[in-house]
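Asks: Handing you this structure, nothing more for now.
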Amino acid sequence: MPSAKTRVPAIDGWFTLDDDAPTLLGSRCTSCGTYAFPKETFFCRNPGCQGKEFAEAPLSRRGTVWSYTDACYQPPKPYVAADPYVPFSIAAVELAAEQMVVMGQVVPGVGVDELSVGTEVELVLDTLYEDDEHEYIVWKWKPVSGGSEVSDA
Amino acid sequence: MPDDKRVAVLGAGMHPWGKWGRNFVEYGLAAAGDALNDAGVAWTDVQFVSGADTIRNGYPGFIAGATFAQALGWTGARVSSSYAACASGAQAVSNARAQILAGLCDVALVVGADTTPKGFFTPVGGDRKDDPDWLRFHLLGATNPTYFALYARRRMELFGATETDFAAVKVKNARHGLENPYARYRKEVTIDEVLSSPMVADPLRLLEICATSDGGAALVLTSMEFARRHAGTDKLVTIDAVSTVTPRYPQTVIEMPNFSTDSAASTSTPGPTFKQSVALAAYEEAGIGPEDINVAEVYDLSSALELDWYEDIGLCKEGEAERMLRDGDTTIGGRIPVNPSGGLSCFGEAIPAQAIAQVCELVWQVRGQAEGRQVDGARVGITANQGLFGHGSSIIVAS
Ligand SMILES: [Zn+2]
């Protein structure tokens, strides 16, 4: 049954709400070309650059796991946890073109046993939490192969 | 080292770490009193009070230099208050040293103390969508152990570290801290006990993650000339370097509380990592290298993180920390004992006091006063620590 709730991003402007091919929205300095996520808005972080103008930059949808872990205990507020709490994995993912690492939760059901440094993952959208009217959406990483190729299971 | 580049440590004092649940001022006063007694200096002779801060109730200023000055009795002494998260204590030392080296004062008291809430450190309340520290909890559920675990897992996959190695760090530090009267946890643990404690953030377990503690630490720092006159000797303990560096762009290691690293796409090959640069700056300032170090106090927020520090402060090459540990090099009696105090493993973290406490331990080590945990022949020691948002901290103590 499709949800009747309105889907809204858990934070505005950090990613597209395109279900088929969502992207994180970073910025790219128009002077030196450096990327930033979340978006840089006033001054380029590259100390050798005086840039103050930035183009919105959709980041690579695929990357490889730099490292990973999980949250065995419920994180404190302002995290909004499901009741009962369900542990989840977290990955830091290297994006080749941008030469940067971006963190994200891993989709539900993928445990640390199914991840390795180097696992290829792609960006998807998922519900972070919900209230009576809204589903709050966030980006998550999902193993491209569902994780099975790197798992012993 | 010339006198205009170093300051003397005349006194060190600490209040035992614990979960006492009393007002932090009490711990700070006890530590300050001990440091002043140790130095043989009266409070009324202190010209500069350098407080290490932390944030409680959403603002800094309460846990700060002036609070301790008032509690000791207003004397009109000049004051500074430093907030740099876990590195607050190093900044307080740095400020006191700068005042002394500039000739603005001869006698400074550095003090930090805290009373901590239970459980995970959490961000300041409210709805603060412009604060990465608030957002990482809200959007990712990323706690401090999340980041420590990312580093630990990477060590396992890149360098072959094992869960047993991480547990062995905890076992070593627990043994080191057994006789330390200031340590909160003074109990031996076995590898099996560590490995059967609950998993918090895979591969890190409950016994491998630093707790939060109450505690207080203080130092009396003076000019070299004052110290010689006052102590009637040339044999002084000195602070030869204080590194408070920030990272260099591009910072390519993911750091708390960020969502991403810097991009290396438009710049040349990155230089040393932040943690490497923290110690490098201290060595450069002191004019020595890792080969001159006899003892180190590093920030073991997790057991695995201690291994990262061996490499980052230059005790061994990248990927060799596990071998150092397994060979017993970093155990008391080994080549370069690390965390003879027991480290955060035995203390838990009292944020604004911790970097000061690291220096207190080195002072006692180079004086030969670290009873029950003394490193033989300790003459030069280094501390290393890193505060949230990019605050480096490394101090070199010598006798
Ligand atoms: Zn730029």
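Identifiers in the structure tokens: chain A, B, ... in order shown; residue index from 1 per chain; ligand index from 1 in order shown.
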Using only C-alpha atoms and a cut-off of 7 Å, which residues of chain B sit close to chain A? Please list them as a VMD selection string.

Replies: chain B and resid 122 137 to 141 143 146 149 to 150 153 to 154 157 199 to 202 249 252 254 259 to 266

Asks: Quick one: everything within 6 Å of Phe347 in chain B, counting only C-alpha atoms, minus sequence neighbours fewer than 3 positions away in the same chain. Send it as a short mmCIF file (atom, residue, chain, number, x, y, z; two decimals) with all heavy atoms, in the first residue's frame.

Replies:
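The file below, result-v8.cif, is the result:
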```cif
data_model
loop_
_atom_site.label_atom_id
_atom_site.label_comp_id
_atom_site.auth_asym_id
_atom_site.auth_seq_id
_atom_site.Cartn_x
_atom_site.Cartn_y
_atom_site.Cartn_z
N ALA B 183 43.16 7.82 38.49
CA ALA B 183 42.37 7.10 37.49
C ALA B 183 41.03 6.69 38.06
O ALA B 183 40.90 6.36 39.24
CB ALA B 183 43.14 5.89 36.99
N ARG B 184 40.00 6.70 37.20
CA ARG B 184 38.65 6.30 37.63
C ARG B 184 38.48 4.79 37.64
O ARG B 184 37.89 4.23 38.55
CB ARG B 184 37.63 6.94 36.68
CG ARG B 184 36.21 6.46 36.90
CD ARG B 184 35.27 7.19 35.94
NE ARG B 184 33.94 6.64 35.95
CZ ARG B 184 33.00 6.92 35.06
NH1 ARG B 184 33.29 7.76 34.08
NH2 ARG B 184 31.81 6.39 35.14
N LEU B 344 42.77 7.48 28.54
CA LEU B 344 41.31 7.69 28.65
C LEU B 344 40.62 6.40 29.03
O LEU B 344 39.56 6.40 29.65
CB LEU B 344 40.75 8.20 27.32
CG LEU B 344 41.18 9.60 26.91
CD1 LEU B 344 40.67 9.92 25.52
CD2 LEU B 344 40.69 10.63 27.90
#
```

Asks: Can you pull out every residue within 7 Å of Arg61 in chain A, counting only C-alpha atoms, but drop anything in the same chain fewer than 6 positions away, and send it as a list in words?

Replies: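 Result of the neighbour search: Thr23, Glu122 and Leu123 of chain A.
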
Asks: Those same residues, written as a PDB file, in the first residue's frame with all heavy atoms?

Replies:
```pdb
ATOM      1  N   THR A  23      20.480  12.245  -6.529  1.00  0.00           N
ATOM      2  CA  THR A  23      21.879  12.669  -6.362  1.00  0.00           C
ATOM      3  C   THR A  23      21.992  13.596  -5.164  1.00  0.00           C
ATOM      4  O   THR A  23      21.058  14.344  -4.858  1.00  0.00           O
ATOM      5  CB  THR A  23      22.421  13.441  -7.586  1.00  0.00           C
ATOM      6  OG1 THR A  23      21.561  14.567  -7.823  1.00  0.00           O
ATOM      7  CG2 THR A  23      22.499  12.576  -8.823  1.00  0.00           C
ATOM      8  N   GLU A 122      25.635   2.587  -4.275  1.00  0.00           N
ATOM      9  CA  GLU A 122      25.000   3.707  -4.977  1.00  0.00           C
ATOM     10  C   GLU A 122      24.002   4.405  -4.061  1.00  0.00           C
ATOM     11  O   GLU A 122      23.539   3.851  -3.062  1.00  0.00           O
ATOM     12  CB  GLU A 122      24.352   3.254  -6.285  1.00  0.00           C
ATOM     13  CG  GLU A 122      23.068   2.497  -6.127  1.00  0.00           C
ATOM     14  CD  GLU A 122      22.434   2.204  -7.495  1.00  0.00           C
ATOM     15  OE1 GLU A 122      22.869   2.778  -8.510  1.00  0.00           O
ATOM     16  OE2 GLU A 122      21.511   1.383  -7.525  1.00  0.00           O
ATOM     17  N   LEU A 123      23.689   5.634  -4.474  1.00  0.00           N
ATOM     18  CA  LEU A 123      22.843   6.483  -3.650  1.00  0.00           C
ATOM     19  C   LEU A 123      21.373   6.159  -3.885  1.00  0.00           C
ATOM     20  O   LEU A 123      20.935   6.070  -5.030  1.00  0.00           O
ATOM     21  CB  LEU A 123      23.115   7.950  -3.993  1.00  0.00           C
ATOM     22  CG  LEU A 123      22.608   8.943  -2.956  1.00  0.00           C
ATOM     23  CD1 LEU A 123      23.653   9.107  -1.860  1.00  0.00           C
ATOM     24  CD2 LEU A 123      22.306  10.290  -3.597  1.00  0.00           C
TER      25      LEU A 123
END
```

Asks: If we count only C-alpha atoms, what is near Glu179 in chain B at a cut-off of 9 Å, once residues fewer than 6 positions away on the same chain are taken out, given as a ChimeraX atom specification?

Replies: /B:186,341,371-373

Asks: With only C-alpha atoms as the basis for distance, which of A:Leu125, A:Phe42, A:Pro84, A:Gly26 is at the shortest distance from Ala57 in chain A?

Replies: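 Among A:Leu125, A:Phe42, A:Pro84, A:Gly26, it is A:Gly26 that comes nearest to Ala57 in chain A.
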
Asks: Please extract the residues of range 53-107 of chain B with a backbone DSSP assignment of helix (DSSP H, G or I) and present them as number ranges by chain.

Replies: B: 65-72, 85-101

Asks: I'd like the interatomic distance between CA of Gly111 in chain A and CA of Thr162 in chain B, to a tenth of an Å.

Replies: 18.9 Å

Asks: Would you kindly return, as a PyMOL selection string, each protein, DNA or RNA residue with an atom no farther than 6 Å from any atom of range 204-211 of chain B, considering only C-alpha atoms and excluding same-chain residues fewer than 5 positions away?

Replies: chain B and resi 194+197-199+301-303+344-345+348

Asks: Need the shell around range 350-353 of chain B: protein/DNA/RNA residues with any atom at most 6 Å away, counting only C-alpha atoms. Skip same-chain ones fewer than 6 positions apart. Format as a ChimeraX atom specification?

Replies: /B:52-54,86,88-89,112-114,213-217

Asks: Could you work out how far CA of Lys235 in chain B lies from CA of Ser399 in chain B, giving the answer in Å with one decimal?

Replies: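 Atom-to-atom, CA of Ser399 in chain B to CA of Lys235 in chain B, that is 7.1 Å.
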
Asks: Mind pulling up the distance from CA of Asp308 in chain B to CA of Asn385 in chain B?

Replies: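 Between CA of Asn385 in chain B and CA of Asp308 in chain B the gap works out to 11.6 Å.
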
Asks: Which residues, written as a PyMOL selection string, have at least one atom at most 12 Å from Ala4 in chain A, with only C-alpha atoms counted and residues fewer than 2 positions away on the same chain left out?

Replies: chain A and resi 1-2+6-7+130-135

Asks: Between A:Leu25, A:Gln50, A:Asp20, A:Lys5, which residue has the minimum interatomic distance to ligand 1, considering only C-alpha atoms and all ligand atoms?

Replies: A:Gln50

Asks: Chain A: which residues are strand (DSSP E) by DSSP, as a ChimeraX atom specification?

Replies: /A:6-9,25-29,35-36,54-58,62-71,88-95,100-106,120-130,134-143

Asks: With only C-alpha atoms and all ligand atoms as the atoms that count, which of A:Gly51, A:Gly13, A:Pro108, A:Gly63 lies nearest to ligand 1?

Replies: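 Using only C-alpha atoms and all ligand atoms, ligand 1 sits closest to A:Gly51.
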